[in-house]
Amino acid sequence: ANTETVVTGNTAEARWGKIAAAYGAYASIQQKNGAAQIFAEQNTATATRAATGTEIFAGARIDYERTFSATAPGNVTLKAKNNKAVLTDGTLKTLWGAKINVRNAFGGAAVYEATENIVTIAAEGTVTDEVSGGYIEQDRNSAAGASYYKAVAAKNRVVNTGGNIKRNAVGGKVELHTWRAGDLHGTLTENAITGTGGTWADSLRGADAELHGHAGAATAAVQKNKIDIEHGAMQGVSAWAGTARVFTATAGQKATAAVNENTLRLKNASGKLSVFCGGDAYAQSALSGAAAEANANVLTMEGGTFTTVRDATGGDAYAKGKNAPVTASASKNTVTLSATAPWQEISGGEAEATAVNAAGTATARENTVNLIRGTYQNVF
């Protein structure tokens, strides 16, 4: 039977104490046959004085599963839009603007969208494990697979106005794993992490795509995402404006990762920093061709003082495949550094292509590095 579920305009408030999980809206659907349409829009969750140990907090969450006993194909459409999660004060483990979880698909087209969802962390708030504006995750698929998988994460945001992010933060994320038929498409545009002050630790990504296609082609497009932070205290941070990791395993099914026009800017920040990268693209195919590109990304550090830093890279592209074409491009990226910092390695663009049965083609052109302040060991 067909399924249609709409959850909209709901509000959840947690004002005191420790809870296992709370959502502005939550839809959990298990289906055998037929089409499914599930929408979560304009829901809000607010946490005030959350106690340490509170596990999951989200503006909206969708869990969808197609049972293994399915016998008839059906299209699946899951959308989460304009949901909000607000941490006013207290401590949470996991904070999502919206999360879409998918287990299995059968025969039809699978379309997932997380758009315009937002997480806000105020000065008295702390998140200990994971923060995401919009997050889509597909795990496994049934014997028939799907005609295709299309996931879109766009205009999702993490906003930190002086709070504490202890581990991982990402504006928009798409993670697709499939073992049967169906090409994978992940598109991530205009997602962002922004902040003024606060403390930041571990991994920051404006947008992150990870696609594993064991039977189909896989393509990730990560474009115009950003990280923009002023006066933040960095505690061993690695930051990427955009990243893509794409893998395929079948002959004739290409892996493609494109990470272009993303921006990463820190202004008057301080502390310890490890990797500092505008765009990072990685494509690998076990039995076919691969293409990676990281072009026109912008990396800027304005002012500030860092006691420990490692690498700054405008764009990094790596492609590995069995047969031609295997190509990598890192061109027209820009790095500008004016912080007081002891840099180890700085690169405008890096490209590497490796093919088992043919020659790979790597291109790094028209990259720019502007060094205004700091010390540097290797620059290229």
# chains A, B, ... in the order shown; residues from 1 in each chain; ligands from 1
call {"tool": "residues_around", "arguments": {"residues": "Ala341 of chain A", "least_positions_apart": "3", "cutoff": "8 Å", "atoms": "only C-alpha atoms", "output": "list of chain:residue names"}}
result
A:Thr305, A:Phe306, A:Thr307, A:Thr308, A:Val309, A:Arg373, A:Gly374, A:Thr375
call {"tool": "write_last_selection", "arguments": {"atoms": "all heavy atoms", "output": "mmCIF file, in the first residue's frame"}}
result
data_model
loop_
_atom_site.group_PDB
_atom_site.id
_atom_site.type_symbol
_atom_site.label_atom_id
_atom_site.label_comp_id
_atom_site.auth_asym_id
_atom_site.auth_seq_id
_atom_site.Cartn_x
_atom_site.Cartn_y
_atom_site.Cartn_z
ATOM 1 N N THR A 305 46.025 34.373 16.215
ATOM 2 C CA THR A 305 47.287 33.780 16.620
ATOM 3 C C THR A 305 47.089 32.303 16.919
ATOM 4 O O THR A 305 46.192 31.934 17.688
ATOM 5 C CB THR A 305 47.852 34.485 17.867
ATOM 6 O OG1 THR A 305 48.046 35.874 17.588
ATOM 7 C CG2 THR A 305 49.178 33.863 18.274
ATOM 8 N N PHE A 306 47.934 31.470 16.327
ATOM 9 C CA PHE A 306 47.862 30.026 16.525
ATOM 10 C C PHE A 306 49.212 29.512 17.019
ATOM 11 O O PHE A 306 50.250 29.835 16.451
ATOM 12 C CB PHE A 306 47.470 29.324 15.236
ATOM 13 C CG PHE A 306 46.050 29.583 14.832
ATOM 14 C CD1 PHE A 306 45.703 30.721 14.122
ATOM 15 C CD2 PHE A 306 45.043 28.695 15.189
ATOM 16 C CE1 PHE A 306 44.393 30.970 13.778
ATOM 17 C CE2 PHE A 306 43.727 28.930 14.844
ATOM 18 C CZ PHE A 306 43.397 30.072 14.138
ATOM 19 N N THR A 307 49.173 28.696 18.057
ATOM 20 C CA THR A 307 50.407 28.111 18.583
ATOM 21 C C THR A 307 50.815 26.867 17.801
ATOM 22 O O THR A 307 51.999 26.545 17.704
ATOM 23 C CB THR A 307 50.235 27.739 20.059
ATOM 24 O OG1 THR A 307 49.126 26.828 20.197
ATOM 25 C CG2 THR A 307 49.966 28.980 20.904
ATOM 26 N N THR A 308 49.822 26.174 17.242
ATOM 27 C CA THR A 308 50.097 24.964 16.472
ATOM 28 C C THR A 308 49.245 24.970 15.213
ATOM 29 O O THR A 308 48.028 25.142 15.286
ATOM 30 C CB THR A 308 49.769 23.698 17.286
ATOM 31 O OG1 THR A 308 50.533 23.709 18.488
ATOM 32 C CG2 THR A 308 50.109 22.444 16.489
ATOM 33 N N VAL A 309 49.866 24.799 14.064
ATOM 34 C CA VAL A 309 49.148 24.627 12.799
ATOM 35 C C VAL A 309 49.932 23.613 11.966
ATOM 36 O O VAL A 309 51.126 23.405 12.184
ATOM 37 C CB VAL A 309 48.997 25.946 12.008
ATOM 38 C CG1 VAL A 309 48.034 26.886 12.688
ATOM 39 C CG2 VAL A 309 50.348 26.616 11.814
ATOM 40 N N ARG A 373 51.429 36.992 6.727
ATOM 41 C CA ARG A 373 52.007 36.917 8.063
ATOM 42 C C ARG A 373 52.184 35.456 8.438
ATOM 43 O O ARG A 373 51.531 34.581 7.886
ATOM 44 C CB ARG A 373 51.121 37.636 9.078
ATOM 45 C CG ARG A 373 51.770 37.822 10.450
ATOM 46 C CD ARG A 373 50.853 38.591 11.399
ATOM 47 N NE ARG A 373 50.716 39.981 10.962
ATOM 48 C CZ ARG A 373 49.593 40.517 10.511
ATOM 49 N NH1 ARG A 373 48.500 39.778 10.436
ATOM 50 N NH2 ARG A 373 49.548 41.772 10.139
ATOM 51 N N GLY A 374 53.069 35.185 9.392
ATOM 52 C CA GLY A 374 53.308 33.826 9.833
ATOM 53 C C GLY A 374 54.641 33.307 9.347
ATOM 54 O O GLY A 374 55.386 33.983 8.623
ATOM 55 N N THR A 375 54.970 32.076 9.737
ATOM 56 C CA THR A 375 56.179 31.411 9.256
ATOM 57 C C THR A 375 55.782 30.158 8.488
ATOM 58 O O THR A 375 54.750 29.560 8.753
ATOM 59 C CB THR A 375 57.103 31.027 10.429
ATOM 60 O OG1 THR A 375 56.403 30.145 11.322
ATOM 61 C CG2 THR A 375 57.553 32.261 11.185
#
call {"tool": "residues_around", "arguments": {"residues": "Lys84 of chain A", "least_positions_apart": "3", "cutoff": "9 Å", "atoms": "only C-alpha atoms", "output": "list in words"}}
result
Gly24, Gln42, Asn43, Thr44, Ala45, Thr46, Ala58, Gly59, Ala60, Trp96, Gly97, Ala98, Glu116, Asn117, Ile118, Val119, Thr120 and Gly133 of chain A
call {"tool": "closest_residue", "arguments": {"among": "A:Ala207, A:Ala12, A:Ala215, A:Ala251", "to": "Gly279 of chain A", "atoms": "only C-alpha atoms"}}
result
A:Ala207
call {"tool": "residues_around", "arguments": {"residues": "Ile372 of chain A", "least_positions_apart": "5", "cutoff": "12 Å", "atoms": "only C-alpha atoms", "output": "list in words"}}
result
Thr300, Met301, Glu302, Gly303, Val335, Thr336, Leu337, Ser338, Ala339, Thr340 and Ala341 of chain A
call {"tool": "write_last_selection", "arguments": {"atoms": "N, CA and C atoms", "output": "compact mmCIF listing (two decimals), in the first residue's frame"}}
result
# COMPACT_ATOMS: atom_id res chain seq x y z
N THR A 300 40.83 31.33 3.57
CA THR A 300 41.31 32.61 4.10
C THR A 300 41.44 32.55 5.61
N MET A 301 42.57 33.03 6.12
CA MET A 301 42.73 33.22 7.55
C MET A 301 43.16 34.66 7.78
N GLU A 302 42.28 35.43 8.43
CA GLU A 302 42.53 36.86 8.65
C GLU A 302 42.86 37.10 10.11
N GLY A 303 44.10 37.49 10.38
CA GLY A 303 44.48 37.80 11.74
C GLY A 303 44.44 36.58 12.64
N VAL A 335 44.54 30.65 -1.64
CA VAL A 335 44.86 30.60 -0.21
C VAL A 335 45.44 31.95 0.20
N THR A 336 44.86 32.56 1.26
CA THR A 336 45.36 33.82 1.79
C THR A 336 45.50 33.69 3.30
N LEU A 337 46.72 33.90 3.81
CA LEU A 337 47.00 33.71 5.23
C LEU A 337 47.65 34.95 5.83
N SER A 338 47.01 35.51 6.86
CA SER A 338 47.59 36.66 7.54
C SER A 338 47.57 36.49 9.05
N ALA A 339 47.48 35.25 9.52
CA ALA A 339 47.53 34.96 10.95
C ALA A 339 48.98 34.76 11.39
N THR A 340 49.21 34.98 12.67
CA THR A 340 50.50 34.64 13.26
C THR A 340 50.47 33.15 13.58
N ALA A 341 51.19 32.36 12.77
CA ALA A 341 51.09 30.91 12.90
C ALA A 341 52.32 30.25 12.27
call {"tool": "residues_around", "arguments": {"residues": "Val127 of chain A", "least_positions_apart": "6", "cutoff": "7 Å", "atoms": "only C-alpha atoms", "output": "number ranges by chain"}}
result
A: 91-94, 164-166
call {"tool": "residues_around", "arguments": {"residues": "Thr199 of chain A", "least_positions_apart": "4", "cutoff": "12 Å", "atoms": "only C-alpha atoms", "output": "ChimeraX atom specification"}}
result
/A:121-128,160-167,169,195,204,229-237,269-272
